[in-house]
Each structure stands twice: as C-alpha cells, then as structure tokens.
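Engineer: My file is work_14.cif. It has mmCIF, C-alpha atoms and all ligand atoms:
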```cif
data_data
loop_
_atom_site.label_atom_id
_atom_site.label_comp_id
_atom_site.auth_asym_id
_atom_site.auth_seq_id
_atom_site.Cartn_x
_atom_site.Cartn_y
_atom_site.Cartn_z
CA MET A 735 22.91 14.54 119.82
CA PHE A 736 20.97 13.29 122.85
CA LYS A 737 22.11 13.93 126.45
CA ILE A 738 20.89 13.51 130.02
CA GLN A 739 22.02 16.01 132.65
CA LEU A 740 21.55 15.69 136.40
CA GLU A 741 22.16 18.69 138.61
CA GLU A 742 22.17 18.03 142.35
CA ALA A 743 19.36 15.50 141.88
CA SER A 744 18.07 14.20 145.22
CA LYS A 745 15.33 11.74 146.18
CA ARG A 746 13.69 11.17 149.53
CA PHE A 747 10.94 8.77 150.57
CA GLN A 748 9.30 10.13 153.73
CA TYR A 749 12.32 10.77 156.00
CA GLU A 750 14.78 8.54 154.13
CA TRP A 751 17.20 10.07 151.62
CA ILE A 752 17.81 7.57 148.81
CA PHE A 753 20.38 9.76 147.04
CA LYS A 754 21.50 13.36 147.50
CA ASN A 755 23.19 15.90 145.24
CA LEU A 756 23.84 13.64 142.27
CA SER A 757 25.26 15.54 139.31
CA LEU A 758 26.32 13.86 136.08
CA GLU A 759 26.06 14.08 132.32
CA LEU A 760 25.58 11.24 129.86
CA SER A 761 25.80 11.58 126.08
CA GLN A 762 25.13 9.09 123.29
CA GLY A 763 27.89 6.47 123.39
CA ASN A 764 28.22 6.63 127.22
CA SER A 765 27.40 3.73 129.53
CA LEU A 766 26.73 4.20 133.24
CA ALA A 767 26.74 1.52 135.93
CA ILE A 768 24.64 2.25 139.03
CA THR A 769 25.89 0.04 141.84
CA GLY A 770 25.21 -0.21 145.57
CA SER A 771 24.07 -2.71 148.15
CA ASN A 772 20.54 -4.16 148.30
CA GLY A 773 18.08 -1.41 149.16
CA SER A 774 20.60 1.39 148.45
CA GLY A 775 18.35 2.89 145.77
CA LYS A 776 19.50 1.60 142.37
CA SER A 777 15.99 0.91 141.08
CA THR A 778 14.71 4.16 142.59
CA LEU A 779 17.37 6.14 140.71
CA LEU A 780 16.53 4.30 137.50
CA LYS A 781 12.84 5.16 137.98
CA CYS A 782 13.74 8.82 138.54
CA LEU A 783 16.00 8.86 135.47
CA SER A 784 13.25 7.40 133.31
CA GLY A 785 10.62 9.83 134.61
CA ALA A 786 8.49 7.13 136.25
CA ILE A 787 8.75 8.86 139.65
CA PRO A 788 9.75 12.46 140.48
CA ILE A 789 12.91 13.56 142.27
CA THR A 790 12.54 15.58 145.48
CA SER A 791 14.96 18.39 144.53
CA GLY A 792 17.50 19.27 141.87
CA LYS A 793 17.08 18.71 138.16
CA ILE A 794 17.07 15.95 135.56
CA ASP A 795 17.09 17.13 131.95
CA TYR A 796 16.78 15.25 128.66
CA ILE A 797 18.41 17.35 125.94
CA LEU A 798 18.06 16.76 122.22
CA ASP A 799 20.20 18.96 119.96
CA GLU A 800 20.67 21.50 122.77
CA LYS A 801 16.91 21.69 123.46
CA SER A 802 15.43 20.53 126.74
CA ILE A 803 12.56 18.02 126.49
CA SER A 804 9.59 18.19 128.86
CA ASP A 805 9.41 15.11 131.13
CA ALA A 806 5.95 14.34 129.76
CA ASP A 807 7.68 13.60 126.43
CA TRP A 808 10.55 11.40 127.70
CA PHE A 809 8.96 8.01 127.10
CA PRO A 810 9.60 7.79 123.31
CA PHE A 811 13.33 8.23 123.98
CA LEU A 812 13.78 5.22 126.24
CA THR A 813 13.25 1.53 126.92
CA ILE A 814 13.52 -0.35 130.22
CA SER A 815 14.17 -3.96 131.08
CA ALA A 816 13.69 -4.62 134.80
CA PRO A 817 12.61 -7.48 137.07
CA TYR A 818 9.55 -5.53 138.29
CA MET A 819 8.26 -4.88 134.75
CA GLU A 820 5.80 -7.55 133.71
CA LEU A 821 5.36 -8.85 130.16
CA PRO A 822 1.76 -9.23 128.91
CA GLU A 823 1.47 -12.97 129.45
CA GLU A 824 -1.51 -13.67 127.22
CA PHE A 825 0.28 -12.55 124.04
CA THR A 826 2.25 -15.02 121.95
CA LEU A 827 5.83 -13.96 121.20
CA GLU A 828 4.81 -12.96 117.67
CA GLU A 829 1.87 -10.88 118.96
CA LEU A 830 3.95 -9.21 121.65
CA LEU A 831 6.59 -8.08 119.15
CA LYS A 832 3.87 -6.71 116.86
CA PHE A 833 2.33 -4.85 119.81
CA HIS A 834 5.64 -3.48 121.15
CA PHE A 835 6.75 -2.19 117.75
CA LYS A 836 3.54 -0.20 117.36
CA PHE A 837 5.07 2.15 119.96
CA LYS A 838 8.79 1.93 119.18
CA LYS A 839 10.59 1.72 115.84
CA PRO A 840 12.77 -1.39 115.45
CA LEU A 841 16.52 -0.68 115.52
CA ASN A 842 18.06 -0.69 112.00
CA ASN A 843 14.70 -1.90 110.66
CA ILE A 844 15.33 -5.36 112.06
CA SER A 845 12.38 -7.67 111.32
CA PRO A 846 10.42 -9.57 114.02
CA ARG A 847 11.77 -12.83 112.55
CA GLU A 848 15.38 -11.67 112.91
CA ILE A 849 14.72 -10.50 116.49
CA ILE A 850 13.25 -13.90 117.37
CA GLU A 851 16.36 -15.58 115.89
CA GLN A 852 18.71 -13.31 117.85
CA LEU A 853 16.80 -14.15 121.05
CA TYR A 854 17.09 -17.91 120.34
CA LEU A 855 13.30 -18.16 120.55
CA THR A 856 12.49 -19.41 117.02
CA GLN A 857 10.80 -22.55 118.34
CA HIS A 858 8.54 -20.50 120.61
CA THR A 859 7.06 -17.97 118.17
CA SER A 860 3.44 -19.04 118.75
CA LYS A 861 3.72 -19.79 122.48
CA PRO A 862 2.03 -17.43 124.98
CA VAL A 863 4.66 -15.45 126.87
CA GLY A 864 3.07 -16.64 130.15
CA GLN A 865 4.37 -20.12 129.31
CA PHE A 866 7.97 -18.94 128.82
CA SER A 867 10.66 -19.98 131.31
CA SER A 868 12.14 -17.19 133.44
CA GLY A 869 15.32 -17.16 131.31
CA MET A 870 13.29 -16.93 128.08
CA LYS A 871 11.31 -14.02 129.55
CA GLN A 872 14.53 -12.28 130.54
CA ARG A 873 16.01 -12.64 127.02
CA LEU A 874 12.76 -11.28 125.62
CA LYS A 875 12.79 -8.24 127.95
CA LEU A 876 16.40 -7.48 127.02
CA GLY A 877 15.58 -7.93 123.33
CA LEU A 878 12.60 -5.55 123.46
CA ALA A 879 14.80 -2.95 125.17
CA LEU A 880 17.88 -3.31 122.96
CA PHE A 881 16.15 -3.79 119.58
CA SER A 882 14.06 -0.62 119.90
CA ASP A 883 15.36 2.43 118.08
CA VAL A 884 15.78 4.69 121.14
CA PRO A 885 18.83 6.66 122.33
CA LEU A 886 18.43 5.60 125.97
CA VAL A 887 18.30 2.03 127.33
CA PHE A 888 17.87 1.16 131.03
CA LEU A 889 18.72 -2.36 132.19
CA ASP A 890 18.03 -3.32 135.81
CA GLU A 891 19.70 -6.61 136.87
CA PRO A 892 20.13 -7.68 133.23
CA THR A 893 21.40 -11.23 133.79
CA SER A 894 18.92 -12.29 136.48
CA ASN A 895 17.55 -15.72 135.53
CA LEU A 896 20.13 -16.22 132.77
CA ASP A 897 22.35 -19.31 132.66
CA ARG A 898 26.01 -19.27 131.57
CA LYS A 899 25.07 -19.30 127.87
CA GLY A 900 22.53 -16.53 128.48
CA ILE A 901 25.16 -14.41 130.25
CA ASP A 902 27.56 -14.80 127.29
CA TRP A 903 24.67 -13.87 124.99
CA TYR A 904 23.92 -10.74 127.09
CA GLN A 905 27.56 -9.63 126.93
CA GLU A 906 27.63 -10.04 123.15
CA MET A 907 24.30 -8.20 122.75
CA VAL A 908 25.36 -5.17 124.80
CA SER A 909 28.70 -4.93 123.03
CA LEU A 910 26.88 -4.89 119.67
CA TYR A 911 23.93 -2.69 120.58
CA ARG A 912 25.23 -0.08 123.00
CA LYS A 913 26.97 1.93 120.30
CA ASN A 914 25.78 5.48 119.82
CA ARG A 915 23.23 5.34 122.65
CA ILE A 916 23.17 5.83 126.40
CA LEU A 917 23.08 2.61 128.38
CA VAL A 918 22.32 2.69 132.13
CA ILE A 919 22.75 -0.54 134.09
CA CYS A 920 21.69 -1.14 137.71
CA SER A 921 23.74 -4.00 139.01
CA ASN A 922 26.00 -5.54 141.60
CA GLU A 923 27.51 -8.06 139.21
CA PRO A 924 30.70 -6.78 137.53
CA ARG A 925 30.05 -9.12 134.57
CA GLU A 926 26.93 -7.06 133.80
CA TYR A 927 28.64 -3.68 133.69
CA GLU A 928 32.43 -4.00 133.40
CA PHE A 929 32.40 -2.25 129.99
CA CYS A 930 30.75 0.89 131.47
CA GLU A 931 33.15 3.84 131.48
CA GLN A 932 31.15 5.64 134.19
CA LYS A 933 30.16 4.11 137.50
CA ILE A 934 28.41 5.44 140.59
CA VAL A 935 28.11 3.79 143.98
CA LEU A 936 24.89 4.91 145.66
CA GLU A 937 26.41 4.84 149.14
CA ASP A 938 28.54 7.83 148.03
CA PHE A 939 25.39 9.96 147.64
CA LYS A 940 23.68 9.54 151.03
N1 LIG B 1001 7.53 3.77 146.82
C1 LIG B 1001 8.35 3.75 147.87
N2 LIG B 1001 8.00 4.35 149.04
C2 LIG B 1001 8.83 4.34 150.10
N3 LIG B 1001 10.06 3.78 150.10
C3 LIG B 1001 10.45 3.16 148.97
C4 LIG B 1001 9.63 3.13 147.79
N4 LIG B 1001 10.31 2.46 146.80
C5 LIG B 1001 11.49 2.10 147.34
N5 LIG B 1001 11.58 2.53 148.63
C6 LIG B 1001 12.74 2.36 149.52
O1 LIG B 1001 13.89 2.93 148.90
C7 LIG B 1001 15.05 2.16 149.22
C8 LIG B 1001 15.77 1.79 147.94
O2 LIG B 1001 15.04 0.80 147.23
P1 LIG B 1001 15.47 0.30 145.76
O3 LIG B 1001 14.50 -0.74 145.34
O4 LIG B 1001 15.66 1.48 144.89
O5 LIG B 1001 16.92 -0.35 146.07
P2 LIG B 1001 17.87 -1.23 145.15
O6 LIG B 1001 19.27 -0.70 145.35
O7 LIG B 1001 17.36 -1.27 143.76
O8 LIG B 1001 17.74 -2.66 145.85
P3 LIG B 1001 18.01 -4.17 145.32
O9 LIG B 1001 19.51 -4.30 145.08
O10 LIG B 1001 17.58 -4.99 146.51
O11 LIG B 1001 17.17 -4.38 144.10
C9 LIG B 1001 14.58 0.98 150.06
O12 LIG B 1001 14.75 1.31 151.43
C10 LIG B 1001 13.10 0.89 149.74
O13 LIG B 1001 12.35 0.34 150.78
#
```
Please express the file's structure as structure tokens.
Ligand SMILES: Nc1ncnc2c1ncn2[C@@H]1O[C@H](COP(=O)(O)OP(=O)(O)OP(=O)(O)O)[C@@H](O)[C@H]1O
Structural biologist:
Amino acid sequence: MFKIQLEEASKRFQYEWIFKNLSLELSQGNSLAITGSNGSGKSTLLKCLSGAIPITSGKIDYILDEKSISDADWFPFLTISAPYMELPEEFTLEELLKFHFKFKKPLNNISPREIIEQLYLTQHTSKPVGQFSSGMKQRLKLGLALFSDVPLVFLDEPTSNLDRKGIDWYQEMVSLYRKNRILVICSNEPREYEFCEQKIVLEDFK
C-alpha cells in the first residue's frame, strides 16, 4: 500500500507564504483536488508534493508498505502532466512513447499501439510532436501520465486546450484509470475534479 502524508507542510517564497500548516493523508484509491484562485499556489503545492522543489517547514512523506521513502527516490512513483512541462518536440509520437517507457512501465502492459489508439492519435504516429496541435499535445501528456504504471499521478489543469470531445475523453480516462492509485488535480474547473472525494482550497492555508 502506497501513501503520502503531509504534516504541517508550509512553503514560503522570500517573504510570501504560499501555504501554511497543511496536513493531509492520501492512500491508493484517493483523489485530491487542489483549488484556489490564480496565483494562490496550486502549481507550487504540486511541485512540493512531487519533490521538484522543497517545502520550507513541516514534512512530506511517501510511504510504501509502512516504510518511508527518501525524497531522492520519489520519481519512480509518480507522473506529472502540467502546462509548464514541455514534450520533446523533435521525437515522433512513436519515438516519444518508446523513450518514455524506458523509464516507466506501461500500465497493465498496454502496448504503444493501444495507447496511440486510446489517445485518438493513430494517424499521427510518425509525426514529430512539435507539429502536434495544442489539444493533441495535451492528450499525449495526459496519456503519458495515466498509462504509466505508477501509484501517484499529478494533473495540473488537465483540460486546458481540450475541446468538448477532449473534455469528455478526459472524464472517461480518469474514471477508468484512477482506480487503485492516488490522483492529485490542480484546477479551478469543477468538471476536471468533481469526482475527487478530497478537496483543498489554498486560500484556507495562508
Ligand atoms: N520560483 C518562484 N520564486 C518566487 N515566487 C514564486 C516562484 N514560483 C511561484 N512563485 C509565486 O508563488 C505564487 C503561487 O504561484 P503558482 O504558480 O503556484 O499559483 P497557481 O495557483 O498555480 O496559479 P494559476 O492558477 O495562475 O496557475 C505566485 O505569487 C507566484 O508568483
């Protein structure tokens, strides 16, 4: 069983507190929505939770079968899809999937061909990712995050650049692939997180 525990976690940039005294626990099967106005600190909290940047005080723990994991070893447990994360544009879709799955195991041994079908990108297998539309890139980012065999998935603004059909697709994908893992969603759009049973509003932690 995999868990994340936060005890009084706090983050400050210079003199500005982004969040203070945040305590929560997430276990496999839990989904958390992080909401708050623009600039309230949603992406900062996500970066702290994923180990990309340190917190200022308090504690964030990843726990596997009751044992704490050193933050240097967190990366294999997680995937992130976020607007500020760039895809390597020179790779074709086929090459990018091959590259990505050198580092992460595919969920349920799904093949690259099946992933491409699920992403509705079959006609674009040999196209460089740099030539993808913004919606195609967004589906690809979500696919890389959700189709990796990790217990922890972070999605920041998951439906940005998606059209109506893409939003329906996102909702179907998360309902299928959030089972038995921890899903953390940074968002201000209820349609992106209404299924989450836990929700925090960053303004409550200033
Ligand atoms: N590296 C940094 N150094 C200093 N301040 C930063 C840094 N990164 C973010 N901030 C500040 O932290 C605050 C929160 O930013 P963050 O991007 O986490 O907000 P957000 O809730 O994700 O915003 P949005 O909804 O607009 O995406 C902002 O005031 C921002 O300027």
Engineer: Do you know which residues are within 7 Å of ligand LIG 1001 (chain B) using all atoms listed in the file? Can you write them as a ChimeraX atom specification?
Structural biologist: /A:747-748,752,770-779
Engineer: Which residues are close to Phe833 of chain A, i.e. within 12 Å by only C-alpha atoms, leaving aside same-chain residues fewer than 5 positions away? Reply as a list in words.
Structural biologist: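 That gives Leu821, Pro822, Phe825, Thr826, Leu827, Glu828, Lys838, Lys839, Pro840, Pro846 and Leu878 of chain A.
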Engineer: Hey, which of A:Lys754, A:Cys920, A:Asn895, A:Ala879 ends up closest to Met907 of chain A? Count only C-alpha atoms.
Structural biologist: A:Ala879
Engineer: With only C-alpha atoms as the basis for distance, which of A:Leu740, A:Leu831, A:Ala767, A:Ile794 is at the shortest distance from Lys875 of chain A?
Structural biologist: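 Of A:Leu740, A:Leu831, A:Ala767, A:Ile794, the one nearest Lys875 of chain A is A:Leu831, counting only C-alpha atoms.
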Engineer: Could you list, as a count of residues only, every residue within 12 Å of Lys781 of chain A, counting all atoms listed in the file and ignoring same-chain residues fewer than 3 positions away?
Structural biologist: 25
Engineer: Would you mind telling me which residue in A:Gln932, A:Glu742, A:Ile916, A:Leu855 lies nearest to Val884 of chain A when using only C-alpha atoms?
Structural biologist: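 Nearest to Val884 of chain A: A:Ile916.
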Engineer: What's the 8 Å shell around Phe881 of chain A, counting only C-alpha atoms, without same-chain residues fewer than 4 positions away, as a ChimeraX atom specification?
Structural biologist: /A:840-841,844,849,877,911
Engineer: Just to confirm, what's the straight-line distance from atom CA of Arg873 of chain A to atom CA of Gly900 of chain A in Å (one decimal)?
Structural biologist: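 Between atom CA of Arg873 of chain A and atom CA of Gly900 of chain A the gap is 7.7 Å.
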Engineer: Considering only C-alpha atoms, state which residue in the set A:Ile738, A:Leu760, A:Leu886, A:Leu853 is at the smallest distance from Glu906 of chain A.
Structural biologist: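 Answer, going by the shortest atom-to-atom distance: A:Leu853.
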Engineer: Have a look at A:Asn764, A:Gln857, A:Ser744, A:Asn842 and name the one nearest to Leu783 of chain A; count only C-alpha atoms.
Structural biologist: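 Looking only at the distances to Leu783 of chain A, the closest residue turns out to be A:Ser744.
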Engineer: To one decimal place in Å, what is the distance between atom CA of Asp902 of chain A and atom CA of Leu880 of chain A?
Structural biologist: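 Atom CA of Asp902 of chain A sits 15.6 Å away from atom CA of Leu880 of chain A.
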Engineer: Using all atoms listed in the file for the distances, tell me which of A:Thr856, A:Ile919, A:Trp751, A:Pro817 is nearest to Leu780 of chain A.
Structural biologist: A:Ile919
Engineer: Which residues are near Tyr927 of chain A? Cut-off 10 Å, all atoms listed in the file, ignore same chain within fewer than 2 positions. Put them as a list in words.
Structural biologist: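 Neighbouring residues, sequence-local ones excluded: Ser765, Leu766, Ala767, Ile768, Thr769, Glu891, Pro892, Gln905, Val908, Leu917, Val918, Ile919, Cys920, Ser921, Asn922, Glu923, Pro924, Arg925, Phe929, Cys930, Glu931, Gln932 and Lys933 of chain A.
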Engineer: How many Å lie between atom CA of Ile797 of chain A and atom CA of Ser761 of chain A, rounded to one decimal?
Structural biologist: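 Atom CA of Ser761 of chain A lies at a distance of 9.4 Å from atom CA of Ile797 of chain A.
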